[in-house]
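Engineer: Structure in structure tokens, see below.
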Amino acid sequence: MIELANISKKFGQTSVLENINLSVVPASRTVIVGPSGSGKTTLLRILAGFETPDSGRITLSGKTLFDENTFIPAHQRGIGFVPQEGALFPHMKVGDNIAYGLTGSRHENRRRIAELMELVSLDRHLQDHWPHEISGGQQQRVALARALAQEPVLMLLDEPFSALDTGLRAATRKATAELLAYAGVASILVTHDQHEALSFASQIAVIRDGRFSQVGSPTEVYSQPVDEATALFLGDALIFSAQVSNGFAHCELGTIPADNPQFTGDKRIMLRPEQIIISAYQADAETHHAVTISDVDFTGYLSTLTLNSPAWTAPLQIKTVSQQKWQVGMQVKLAITGHACVLAD
Ligand SMILES: Nc1ncnc2c1ncn2[C@@H]1O[C@H](COP(=O)(O)OP(=O)(O)OP(=O)(O)O)[C@@H](O)[C@H]1O
């Protein structure tokens, strides 16, 4: 539906985006995730028509929005935009914020406001409130309703939940995903929060220094990241040196089936912490090396265990579900589930 081909952008001499390619299908949810300053907002502003790329092409449903001869302005693109907090006009009541840009009669607009408020699950009586009189989550829903009023085919969301506290943030995210699906609107959301990215997306594009390091489904980029930086950006990762051959990685933890059979030789491999099952060591029944817990950092649901083994060159830190039995000095054994992901050099 929307296609970006080789989009590049410099500010002065500084390259901010380099050869960005992205394809978004109708009614899907794409998340662009990356660290601060990696170019996410610039890319969203280019899509919205607020910024001009230096080169490349953007098409929406077959229509060219940008190329060397074309620039369709923002208001003619059919693209909605929900910016970060502070998006509402403070001097307009909620209903007038939503109606901003509607061109129908007074009566038609009132009906449309009511429809849109229902769509974003806002109580209708809130339309007579000022933005500062409603909560942050409600304000984001009003901003979404205002953007949906234009009946866009694509919605751009720039860190729309960043001002909300954790519980409200997850609930608003889920509600937004559901209502965009209901309205059949494709979306591109920008965030630096990997949990938000994995939870919201049907497709994730990981951006670093103005380039996409990987584009794929959430499970793909999480379990098979292309490189170490992408692996670490998307969550806790255990990275080891390994000798990879015939579909197996031989490392300090033992021999583990490996993804990416095309990679062989001296490589780095990655495991997610949930792939490591830790259980009590029973000396007489075991052939494994015993591993000793040297530190327990309890943080509630999860604890970080520091583990030592005479077979390892360095201690290992693993986040795991807290259990009372994890005590300093306890001997445990490790079992690994699934595949190790072999990382590109
Ligand atoms: N109008 C501008 N003029 C000059 N430099 C700019 C301009 N807009 C952005 N930049 C620079 O481009 C780079 C990317 O900025 P951008 O806002 O796109 O990053 P981001 O990934 O959205 O960051 P954040 O997560 O912090 O919002 C930054 O180094 C920024 O300083």
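Simple scheme: letters A, B, ... for chains in structure tokens order, numbers from 1 for residues in each chain, numbers from 1 for ligands in the order shown.
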Name the residues in contact with Pro35 of chain A at a cut-off of 9 Å, using only C-alpha atoms, excluding same-chain residues fewer than 4 positions from it; report them as a ChimeraX atom specification.

Structural biologist: /A:39-40,191-193,207-209,233

Engineer: Contacts between ligand 1 and chain A, please, where a residue of chain A counts if it comes within 8 Å (with only C-alpha atoms and all ligand atoms); show its shortest atom pair and distance in Å to one decimal, rows by chain and ascending number, as JSON lines.

Structural biologist:
{"residue": "A:Phe11", "atom": "CA", "partner": "ligand 1", "partner_atom_place_in_ligand_line": "4 (C)", "distance": 4.9}
{"residue": "A:Gly12", "atom": "CA", "partner": "ligand 1", "partner_atom_place_in_ligand_line": "4 (C)", "distance": 7.1}
{"residue": "A:Thr14", "atom": "CA", "partner": "ligand 1", "partner_atom_place_in_ligand_line": "5 (N)", "distance": 7.7}
{"residue": "A:Ser15", "atom": "CA", "partner": "ligand 1", "partner_atom_place_in_ligand_line": "12 (O)", "distance": 7.9}
{"residue": "A:Val16", "atom": "CA", "partner": "ligand 1", "partner_atom_place_in_ligand_line": "12 (O)", "distance": 5.3}
{"residue": "A:Gly34", "atom": "CA", "partner": "ligand 1", "partner_atom_place_in_ligand_line": "21 (O)", "distance": 6.3}
{"residue": "A:Pro35", "atom": "CA", "partner": "ligand 1", "partner_atom_place_in_ligand_line": "25 (O)", "distance": 5.9}
{"residue": "A:Ser36", "atom": "CA", "partner": "ligand 1", "partner_atom_place_in_ligand_line": "25 (O)", "distance": 3.6}
{"residue": "A:Gly37", "atom": "CA", "partner": "ligand 1", "partner_atom_place_in_ligand_line": "19 (O)", "distance": 3.5}
{"residue": "A:Ser38", "atom": "CA", "partner": "ligand 1", "partner_atom_place_in_ligand_line": "21 (O)", "distance": 3.8}
{"residue": "A:Gly39", "atom": "CA", "partner": "ligand 1", "partner_atom_place_in_ligand_line": "18 (O)", "distance": 3.2}
{"residue": "A:Lys40", "atom": "CA", "partner": "ligand 1", "partner_atom_place_in_ligand_line": "21 (O)", "distance": 3.9}
{"residue": "A:Thr41", "atom": "CA", "partner": "ligand 1", "partner_atom_place_in_ligand_line": "22 (O)", "distance": 3.6}
{"residue": "A:Thr42", "atom": "CA", "partner": "ligand 1", "partner_atom_place_in_ligand_line": "18 (O)", "distance": 3.7}
{"residue": "A:Leu43", "atom": "CA", "partner": "ligand 1", "partner_atom_place_in_ligand_line": "18 (O)", "distance": 6.5}
{"residue": "A:Val190", "atom": "CA", "partner": "ligand 1", "partner_atom_place_in_ligand_line": "22 (O)", "distance": 7.7}
{"residue": "A:Thr191", "atom": "CA", "partner": "ligand 1", "partner_atom_place_in_ligand_line": "25 (O)", "distance": 6.8}
{"residue": "A:His192", "atom": "CA", "partner": "ligand 1", "partner_atom_place_in_ligand_line": "25 (O)", "distance": 5.8}
{"residue": "A:Gly210", "atom": "CA", "partner": "ligand 1", "partner_atom_place_in_ligand_line": "14 (C)", "distance": 7.5}

Engineer: Could you write out that same residue set with N, CA and C atoms as a PDB file, in the first residue's frame?

Structural biologist:
ATOM      1  N   PHE A  11      20.642  16.629   6.846  1.00  0.00           N
ATOM      2  CA  PHE A  11      20.473  17.996   7.352  1.00  0.00           C
ATOM      3  C   PHE A  11      21.865  18.608   7.301  1.00  0.00           C
ATOM      4  N   GLY A  12      22.089  19.581   6.437  1.00  0.00           N
ATOM      5  CA  GLY A  12      23.436  20.113   6.225  1.00  0.00           C
ATOM      6  C   GLY A  12      24.317  18.990   5.693  1.00  0.00           C
ATOM      7  N   THR A  14      25.083  16.402   7.569  1.00  0.00           N
ATOM      8  CA  THR A  14      24.817  15.194   8.364  1.00  0.00           C
ATOM      9  C   THR A  14      23.745  14.340   7.718  1.00  0.00           C
ATOM     10  N   SER A  15      24.122  13.091   7.444  1.00  0.00           N
ATOM     11  CA  SER A  15      23.163  12.158   6.860  1.00  0.00           C
ATOM     12  C   SER A  15      22.278  11.603   7.977  1.00  0.00           C
ATOM     13  N   VAL A  16      20.975  11.770   7.866  1.00  0.00           N
ATOM     14  CA  VAL A  16      20.042  11.327   8.914  1.00  0.00           C
ATOM     15  C   VAL A  16      19.307  10.059   8.496  1.00  0.00           C
ATOM     16  N   GLY A  34      13.957   2.401  17.416  1.00  0.00           N
ATOM     17  CA  GLY A  34      15.397   2.654  17.388  1.00  0.00           C
ATOM     18  C   GLY A  34      15.743   3.656  18.463  1.00  0.00           C
ATOM     19  N   PRO A  35      17.045   3.772  18.757  1.00  0.00           N
ATOM     20  CA  PRO A  35      17.458   4.689  19.818  1.00  0.00           C
ATOM     21  C   PRO A  35      17.201   6.149  19.453  1.00  0.00           C
ATOM     22  N   SER A  36      17.321   7.003  20.456  1.00  0.00           N
ATOM     23  CA  SER A  36      17.132   8.437  20.265  1.00  0.00           C
ATOM     24  C   SER A  36      18.107   8.954  19.205  1.00  0.00           C
ATOM     25  N   GLY A  37      17.595   9.764  18.301  1.00  0.00           N
ATOM     26  CA  GLY A  37      18.456  10.369  17.286  1.00  0.00           C
ATOM     27  C   GLY A  37      18.713   9.498  16.081  1.00  0.00           C
ATOM     28  N   SER A  38      18.049   8.335  15.989  1.00  0.00           N
ATOM     29  CA  SER A  38      18.336   7.415  14.880  1.00  0.00           C
ATOM     30  C   SER A  38      17.598   7.797  13.598  1.00  0.00           C
ATOM     31  N   GLY A  39      16.674   8.766  13.670  1.00  0.00           N
ATOM     32  CA  GLY A  39      16.015   9.243  12.444  1.00  0.00           C
ATOM     33  C   GLY A  39      14.543   8.892  12.339  1.00  0.00           C
ATOM     34  N   LYS A  40      13.955   8.379  13.418  1.00  0.00           N
ATOM     35  CA  LYS A  40      12.568   7.894  13.369  1.00  0.00           C
ATOM     36  C   LYS A  40      11.573   9.021  13.051  1.00  0.00           C
ATOM     37  N   THR A  41      11.666  10.110  13.807  1.00  0.00           N
ATOM     38  CA  THR A  41      10.705  11.202  13.615  1.00  0.00           C
ATOM     39  C   THR A  41      10.888  11.832  12.235  1.00  0.00           C
ATOM     40  N   THR A  42      12.129  11.958  11.801  1.00  0.00           N
ATOM     41  CA  THR A  42      12.384  12.524  10.472  1.00  0.00           C
ATOM     42  C   THR A  42      11.693  11.677   9.403  1.00  0.00           C
ATOM     43  N   LEU A  43      11.770  10.366   9.538  1.00  0.00           N
ATOM     44  CA  LEU A  43      11.135   9.487   8.561  1.00  0.00           C
ATOM     45  C   LEU A  43       9.610   9.655   8.575  1.00  0.00           C
ATOM     46  N   VAL A 190       6.107   5.109  15.714  1.00  0.00           N
ATOM     47  CA  VAL A 190       7.515   5.314  16.020  1.00  0.00           C
ATOM     48  C   VAL A 190       7.699   5.250  17.529  1.00  0.00           C
ATOM     49  N   THR A 191       8.694   4.513  17.984  1.00  0.00           N
ATOM     50  CA  THR A 191       8.952   4.448  19.424  1.00  0.00           C
ATOM     51  C   THR A 191      10.421   4.084  19.663  1.00  0.00           C
ATOM     52  N   HIS A 192      10.926   4.418  20.879  1.00  0.00           N
ATOM     53  CA  HIS A 192      12.243   3.888  21.236  1.00  0.00           C
ATOM     54  C   HIS A 192      12.091   2.778  22.271  1.00  0.00           C
ATOM     55  N   GLY A 210      20.093   5.967  11.076  1.00  0.00           N
ATOM     56  CA  GLY A 210      19.478   6.305   9.798  1.00  0.00           C
ATOM     57  C   GLY A 210      19.336   5.168   8.815  1.00  0.00           C
TER      58      GLY A 210
END

Engineer: Output as a ChimeraX atom specification all residues of segment 39-283 of chain A that backbone DSSP marks as helix (DSSP H, G or I).

Structural biologist: /A:40-48,74-76,94-99,106-119,124-128,131-133,136-148,166-183,194-200,218-223,228-233,273-275,283

Engineer: Would you please give, as an NGL selection string, all residues of segment 50-117 of chain A that DSSP assigns to strand (DSSP E) based on the backbone?

Structural biologist: :A and (55-60 or 63-67 or 70-71 or 79-82)

Engineer: Let me see the file: selected residues, N, CA and C atoms, as a tab-separated table (two decimals), in the first residue's frame.

Structural biologist:
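The new file part38.tsv reads:
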chain	number	residue	atom	x	y	z
A	55	SER	N	16.26	12.29	-1.82
A	55	SER	CA	16.12	11.38	-2.97
A	55	SER	C	15.23	10.21	-2.57
A	56	GLY	N	14.83	9.44	-3.58
A	56	GLY	CA	13.98	8.27	-3.35
A	56	GLY	C	12.57	8.50	-3.87
A	57	ARG	N	11.71	7.55	-3.53
A	57	ARG	CA	10.33	7.62	-4.02
A	57	ARG	C	9.38	7.09	-2.95
A	58	ILE	N	8.24	7.76	-2.82
A	58	ILE	CA	7.18	7.29	-1.91
A	58	ILE	C	5.91	7.16	-2.73
A	59	THR	N	5.28	5.99	-2.67
A	59	THR	CA	3.97	5.84	-3.32
A	59	THR	C	2.96	5.34	-2.29
A	60	LEU	N	1.72	5.79	-2.46
A	60	LEU	CA	0.62	5.36	-1.59
A	60	LEU	C	-0.50	4.86	-2.49
A	63	LYS	N	-0.16	5.72	-6.04
A	63	LYS	CA	-0.01	7.14	-6.41
A	63	LYS	C	1.32	7.67	-5.86
A	64	THR	N	2.07	8.35	-6.70
A	64	THR	CA	3.35	8.87	-6.24
A	64	THR	C	3.14	10.10	-5.35
A	65	LEU	N	3.67	10.03	-4.12
A	65	LEU	CA	3.59	11.18	-3.21
A	65	LEU	C	4.86	12.01	-3.31
A	66	PHE	N	5.98	11.28	-3.58
A	66	PHE	CA	7.25	11.99	-3.72
A	66	PHE	C	8.16	11.23	-4.67
A	67	ASP	N	8.74	11.94	-5.60
A	67	ASP	CA	9.92	11.47	-6.34
A	67	ASP	C	10.62	12.72	-6.87
A	70	THR	N	7.95	15.05	-8.11
A	70	THR	CA	6.64	15.13	-7.46
A	70	THR	C	6.78	15.44	-5.98
A	71	PHE	N	5.93	16.30	-5.48
A	71	PHE	CA	5.79	16.46	-4.02
A	71	PHE	C	4.33	16.77	-3.72
A	79	ILE	N	-3.14	10.96	4.80
A	79	ILE	CA	-2.38	10.32	5.88
A	79	ILE	C	-2.66	11.07	7.18
A	80	GLY	N	-3.05	10.34	8.22
A	80	GLY	CA	-3.30	10.95	9.53
A	80	GLY	C	-2.01	10.99	10.34
A	81	PHE	N	-1.91	11.94	11.26
A	81	PHE	CA	-0.68	12.07	12.05
A	81	PHE	C	-1.05	12.36	13.50
A	82	VAL	N	-0.59	11.52	14.41
A	82	VAL	CA	-0.79	11.78	15.85
A	82	VAL	C	0.59	12.02	16.45

Engineer: Give me, as a VMD selection string, all polymer residues having an atom no more than 9 Å from Val215 of chain A, counting only C-alpha atoms and skipping those fewer than 6 positions away in the same chain.

Structural biologist: chain A and resid 22 203 to 207 221

Engineer: What is the distance, in Å and to one decimal place, between atom CA of Thr292 of chain A and atom CA of Cys251 of chain A?

Structural biologist: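 Between atom CA of Thr292 of chain A and atom CA of Cys251 of chain A the gap is 18.5 Å.
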
Engineer: So that I can see what lies close to segment 112-116 of chain A, please list as an MDAnalysis selection string the residues with an atom at most 10 Å from it, counting only C-alpha atoms and leaving out residues fewer than 2 positions away in the same chain.

Structural biologist: chainID A and resid 94:99 102 104 106:110 118:125 127 141:142 144:149

Engineer: Might you pull out every residue within 10 Å of Phe161 of chain A, with only C-alpha atoms counted and same-chain residues fewer than 2 positions away left off, and present them as a PyMOL selection string?

Structural biologist: chain A and resi 83-85+136-137+140+157-159+163-166+168-173+191+196

Engineer: Which residues are close to Ser241 of chain A, i.e. within 8 Å by only C-alpha atoms, leaving aside same-chain residues fewer than 5 positions away? Reply as a ChimeraX atom specification.

Structural biologist: /A:251,266-269
